[in-house]
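File shown here: protein.csv, holding CSV, C-alpha atoms and all ligand atoms.
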chain,number,residue,atom,x,y,z
U,114,MET,CA,0.0,0.0,0.0
U,115,ASP,CA,1.3,3.5,-0.7
U,116,ILE,CA,1.1,6.3,1.8
U,117,ALA,CA,-1.7,8.2,0.1
U,118,THR,CA,-3.9,5.1,0.1
U,119,LEU,CA,-3.1,4.5,3.7
U,120,HIS,CA,-4.0,8.1,4.6
U,121,LYS,CA,-7.3,7.8,2.7
U,122,LYS,CA,-8.2,4.8,4.8
U,123,ILE,CA,-7.3,6.6,8.0
U,124,CYS,CA,-9.5,9.6,7.0
U,125,VAL,CA,-12.6,7.4,6.8
U,126,CYS,CA,-11.7,5.0,9.7
U,127,GLN,CA,-14.4,4.0,12.2
U,128,LEU,CA,-12.4,1.5,14.2
U,129,CYS,CA,-12.7,3.3,17.5
U,130,ASP,CA,-15.2,5.7,19.2
U,131,LEU,CA,-13.0,8.7,18.4
U,132,ALA,CA,-14.5,8.5,14.9
U,133,LEU,CA,-17.7,9.8,16.4
U,134,SER,CA,-16.3,12.9,18.0
U,135,ARG,CA,-13.5,14.0,15.6
U,136,ARG,CA,-14.0,16.6,12.9
U,137,VAL,CA,-11.3,15.1,10.7
U,138,ALA,CA,-8.7,12.5,11.2
U,139,VAL,CA,-5.0,13.7,11.1
U,140,PRO,CA,-2.9,11.0,9.4
U,141,GLY,CA,0.3,13.1,9.4
U,142,GLU,CA,2.4,14.8,6.8
U,143,GLY,CA,5.8,14.9,5.3
U,144,PRO,CA,8.0,13.3,2.6
U,145,CYS,CA,7.8,9.6,1.7
U,146,PRO,CA,10.2,8.0,2.2
U,147,SER,CA,11.4,10.0,5.2
U,148,ARG,CA,14.8,10.3,6.9
U,149,ILE,CA,13.2,11.3,10.2
U,150,MET,CA,9.7,10.5,11.6
U,151,LEU,CA,8.4,12.4,14.6
U,152,ILE,CA,5.6,10.7,16.6
U,153,GLY,CA,3.5,12.6,19.2
U,154,GLU,CA,0.4,11.6,21.2
U,155,ALA,CA,-2.8,12.7,19.5
U,156,PRO,CA,-4.3,15.6,17.5
U,157,GLY,CA,-5.6,18.5,19.5
U,158,LYS,CA,-8.2,21.2,18.7
U,159,TYR,CA,-6.4,22.9,15.9
U,160,GLU,CA,-5.2,19.7,14.3
U,161,ASP,CA,-8.8,18.4,14.5
U,162,GLU,CA,-10.0,21.5,12.6
U,163,SER,CA,-7.2,21.6,10.0
U,164,GLY,CA,-6.4,17.9,9.5
U,165,ARG,CA,-2.7,18.8,9.9
U,166,PRO,CA,-0.4,17.6,12.7
U,167,PHE,CA,1.2,20.0,15.2
U,168,VAL,CA,-0.3,23.3,14.1
U,169,GLY,CA,-1.4,24.6,17.6
U,170,ARG,CA,0.8,26.1,20.3
U,171,ALA,CA,2.8,22.9,20.7
U,172,GLY,CA,3.3,22.8,17.0
U,173,LYS,CA,4.7,26.3,17.0
U,174,LEU,CA,7.1,25.2,19.7
U,175,LEU,CA,8.1,22.2,17.6
U,176,ASP,CA,8.7,24.4,14.6
U,177,GLU,CA,11.0,26.6,16.7
U,178,ALA,CA,12.9,23.6,18.1
U,179,LEU,CA,13.3,22.1,14.6
U,180,ILE,CA,14.7,25.4,13.2
U,181,LYS,CA,17.2,25.6,16.1
U,182,ALA,CA,18.2,21.9,15.5
U,183,GLY,CA,18.9,22.7,11.9
U,184,ILE,CA,16.0,20.6,10.6
U,185,LYS,CA,13.4,21.8,8.0
U,186,ARG,CA,9.9,20.8,8.9
U,187,ASN,CA,9.2,19.9,5.3
U,188,ASP,CA,12.0,17.3,5.5
U,189,VAL,CA,10.5,15.3,8.3
U,190,PHE,CA,7.3,13.2,8.6
U,191,ILE,CA,5.2,14.3,11.5
U,192,THR,CA,2.3,12.2,13.0
U,193,SER,CA,0.9,10.9,16.3
U,194,VAL,CA,0.1,7.6,17.9
U,195,ILE,CA,-3.6,8.0,17.4
U,196,LYS,CA,-5.0,9.9,14.4
U,197,CYS,CA,-8.2,11.4,15.8
U,198,ARG,CA,-8.7,13.9,18.6
U,199,PRO,CA,-9.8,12.6,22.0
U,200,PRO,CA,-12.6,14.7,23.4
U,201,GLU,CA,-11.3,17.6,25.7
U,202,ASN,CA,-7.8,16.4,24.8
U,203,ARG,CA,-8.0,13.6,27.4
U,204,LYS,CA,-5.3,10.9,27.3
U,205,PRO,CA,-6.0,8.2,24.6
U,206,LYS,CA,-7.4,5.0,26.0
U,207,ARG,CA,-5.6,1.7,25.6
U,208,CYS,CA,-8.3,0.3,23.3
U,209,GLU,CA,-8.0,3.4,21.0
U,210,ILE,CA,-4.2,3.1,20.9
U,211,ASP,CA,-4.5,-0.6,20.0
U,212,ALA,CA,-7.1,0.1,17.3
U,213,CYS,CA,-5.0,2.8,15.7
U,214,ASN,CA,-1.6,1.1,16.1
U,215,PRO,CA,-1.7,-0.8,12.8
U,216,TYR,CA,-1.8,2.6,11.0
U,217,LEU,CA,1.3,3.8,12.8
U,218,MET,CA,3.2,0.5,12.1
U,219,ALA,CA,2.1,0.7,8.4
U,220,GLN,CA,3.4,4.3,8.2
U,221,MET,CA,6.8,3.3,9.7
U,222,GLU,CA,7.0,0.4,7.2
U,223,ILE,CA,6.2,2.6,4.2
U,224,LEU,CA,8.2,5.7,5.2
U,225,SER,CA,11.2,3.6,6.2
U,226,PRO,CA,12.7,6.4,8.4
U,227,ASN,CA,16.4,6.2,9.5
U,228,VAL,CA,15.3,7.7,12.9
U,229,VAL,CA,12.0,7.7,14.7
U,230,CYS,CA,11.6,10.3,17.4
U,231,LEU,CA,9.1,9.2,20.0
U,232,MET,CA,7.9,12.4,21.6
U,233,GLY,CA,6.5,11.8,25.1
U,234,ASN,CA,5.4,8.9,27.2
U,235,VAL,CA,2.5,7.7,25.0
U,236,ALA,CA,4.7,7.4,21.9
U,237,ALA,CA,7.5,5.7,23.8
U,238,GLN,CA,5.2,3.3,25.6
U,239,THR,CA,3.3,2.4,22.4
U,240,VAL,CA,6.4,1.8,20.2
U,241,LEU,CA,9.0,0.6,22.8
U,242,GLY,CA,6.6,-0.7,25.5
U,243,SER,CA,8.5,1.5,28.0
U,244,GLN,CA,6.8,2.9,31.1
U,245,GLY,CA,8.4,6.4,31.2
U,246,ILE,CA,10.8,8.5,29.2
U,247,ALA,CA,13.0,9.8,32.1
U,248,ALA,CA,15.6,7.0,31.8
U,249,LEU,CA,15.3,6.6,28.0
U,250,ARG,CA,15.5,10.2,26.8
U,251,GLY,CA,18.3,11.3,24.5
U,252,LYS,CA,19.5,7.8,23.6
U,253,ILE,CA,19.0,5.8,20.3
U,254,PHE,CA,17.4,2.4,20.7
U,255,SER,CA,17.4,-0.5,18.3
U,256,GLY,CA,19.5,1.6,15.9
U,257,ARG,CA,16.7,4.1,15.1
U,258,PHE,CA,14.3,5.0,18.0
U,259,LEU,CA,15.0,8.1,19.9
U,260,VAL,CA,12.9,9.1,23.0
U,261,THR,CA,12.4,12.7,23.7
U,262,PHE,CA,9.9,15.1,25.3
U,263,HIS,CA,6.5,15.9,23.9
U,264,PRO,CA,6.4,19.5,22.6
U,265,ALA,CA,3.4,20.2,24.9
U,266,ALA,CA,5.6,19.2,27.9
U,267,VAL,CA,8.3,21.7,26.7
U,268,LEU,CA,5.6,24.3,26.3
U,269,ARG,CA,4.7,23.8,30.0
U,270,ASN,CA,8.3,23.9,31.1
U,271,ARG,CA,10.6,25.9,28.8
U,272,ASN,CA,13.6,24.7,30.8
U,273,LEU,CA,13.3,21.5,28.8
U,274,MET,CA,13.8,23.3,25.5
U,275,ASP,CA,17.6,23.0,25.3
U,276,ALA,CA,17.4,19.3,25.9
U,277,PHE,CA,14.6,18.9,23.4
U,278,ILE,CA,16.7,20.7,20.7
U,279,SER,CA,19.7,18.6,21.6
U,280,ASP,CA,17.6,15.4,21.1
U,281,LEU,CA,16.4,16.7,17.7
U,282,LYS,CA,20.0,17.5,16.7
U,283,MET,CA,21.0,13.9,17.7
U,284,ALA,CA,18.1,12.6,15.5
U,285,ASN,CA,19.3,14.7,12.6
U,286,ALA,CA,22.9,13.5,12.9
U,287,SER,CA,21.9,9.9,13.3
U,288,ALA,CA,19.6,10.1,10.3
U,289,LEU,CA,22.3,11.2,7.9
U,290,PRO,CA,23.2,8.7,5.2
U,291,VAL,CA,26.5,6.9,5.9
U,292,LEU,CA,29.1,8.2,3.4
U,293,SER,CA,31.6,5.7,2.2
U,294,SER,CA,35.1,7.0,2.5
U,295,ALA,CA,36.7,8.0,-0.8
U,296,HIS,CA,39.9,6.3,-1.9
M,301,LIG,S1,-8.2,7.1,16.3
M,301,LIG,FE1,-7.4,5.7,14.8
M,301,LIG,S2,-8.5,3.8,15.0
M,301,LIG,FE2,-9.7,5.5,16.0
M,301,LIG,S3,-11.1,6.2,14.4
M,301,LIG,FE3,-9.3,7.5,14.3
M,301,LIG,S4,-8.0,6.5,12.8
M,301,LIG,FE4,-9.5,4.9,13.4
As structure tokens - that is how I would like this structure written.
Ligand code: SF4
Amino acid sequence: MDIATLHKKICVCQLCDLALSRRVAVPGEGPCPSRIMLIGEAPGKYEDESGRPFVGRAGKLLDEALIKAGIKRNDVFITSVIKCRPPENRKPKRCEIDACNPYLMAQMEILSPNVVCLMGNVAAQTVLGSQGIAALRGKIFSGRFLVTFHPAAVLRNRNLMDAFISDLKMANASALPVLSSAH
């Protein structure tokens, strides 16, 4: 399946109750294949209205961090663990994450990213099965998974910004193609 076909499926998905309350699904956006994939938690109000990922206040902070890390937003694929907004921005339920997870796995397969940034506990837990990001942050796992803060957490505590930028820089450096040495 190609990415456009997958995203069309997501946009009409009814596999969990979030289909009843969403305005539009938010599959994600970015190049395919993609060097870097960023995964957040779930769409919020502005994402639910626009159908685009990370366009609210947390999205603006992500944009700022990407620029400071030397990464162009258009060069990365941005999505979230679940594709439809939970009412009142509540945490996604286990059954919703399970219902939506095949879409995330299919995106990873199709996009084939060199580095996958898991932003926040929900993304880290869903993909790595870990319980918290504190001990995992800023390291690369299984050759391509990097755990970092969710931009909304950085928005609440700007002291985390430098570490967030540093993690994004590490993702960028790790996602570079390996150059064979010239002889
Ligand atoms: S959150 Fe995922 S599983 Fe639930 S309706 Fe939306 S796309 Fe389907």
Review point. What's the 6 Å shell around region 190-204 of chain U, counting all atoms listed in the file, without same-chain residues fewer than 2 positions away, as number ranges by chain?
Key: U: 135, 138-143, 150-157, 213
Exercise for review: Tell me, as a count of residues only, which residues lie within 6 Å of Cys230 (chain U), counting all atoms listed in the file; anything in the same chain fewer than 3 positions away does not count.
Suggested key: 4
Exercise for review: Go ahead and find all residues with at least one atom no further than 9 Å from (0.3, 7.7, 27.9) in the file's coordinates, using only C-alpha atoms; report them as number ranges by chain.
Suggested key: U: 154, 204-207, 233-239, 244-245
Keeping C-alpha atoms for every residue in the selection just given, could you write it to a file as a tab-separated table (two decimals), in the coordinates of the input?
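again-v6.tsv was written with the following content:
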chain	number	residue	atom	x	y	z
U	154	GLU	CA	0.40	11.60	21.20
U	204	LYS	CA	-5.30	10.90	27.30
U	205	PRO	CA	-6.00	8.20	24.60
U	206	LYS	CA	-7.40	5.00	26.00
U	207	ARG	CA	-5.60	1.70	25.60
U	233	GLY	CA	6.50	11.80	25.10
U	234	ASN	CA	5.40	8.90	27.20
U	235	VAL	CA	2.50	7.70	25.00
U	236	ALA	CA	4.70	7.40	21.90
U	237	ALA	CA	7.50	5.70	23.80
U	238	GLN	CA	5.20	3.30	25.60
U	239	THR	CA	3.30	2.40	22.40
U	244	GLN	CA	6.80	2.90	31.10
U	245	GLY	CA	8.40	6.40	31.20
Point to revise | Nearest residue to ligand LIG 301 (chain M) from the set U:Asn227, U:Ser134, U:Asn285, U:Ser147 (distances using only C-alpha atoms and all ligand atoms) | key: U:Ser134
Check your understanding: Do you know which residues lie at most 12 Å from (11.8, 21.7, 11.2), with coordinates as in the file and only C-alpha atoms counted, and could you write them as a VMD selection string?
Key -> chain U and resid 143 149 to 151 167 172 to 191 278 281 to 282 284 to 285
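With all atoms listed in the file as the atoms that count, the residue of U:Ala171, U:Ala276, U:Met283, U:Cys145 with the shortest distance to Pro226 (chain U) is U:Cys145.
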Check your understanding: What is the distance, in Å and to one decimal place, between CA of Cys129 (chain U) and CA of Ser163 (chain U)?
Key ->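 Going from CA of Cys129 (chain U) over to CA of Ser163 (chain U) covers 20.5 Å.
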**Study point:** Option closest in space to ligand LIG 301 (chain M), from U:Asp161, U:Phe262, U:Thr118, U:Ile210 [counting all atoms listed in the file]
**Key:**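 Among the listed residues, U:Ile210 lies closest to ligand LIG 301 (chain M).
The space separating CA of Val168 (chain U) from CA of Arg136 (chain U) comes to 15.3 Å.
With all atoms listed in the file as the basis for measurement, U:Leu128 is the residue among U:Leu231, U:Met114, U:Leu128, U:Leu224 that approaches ligand LIG 301 (chain M) most closely.
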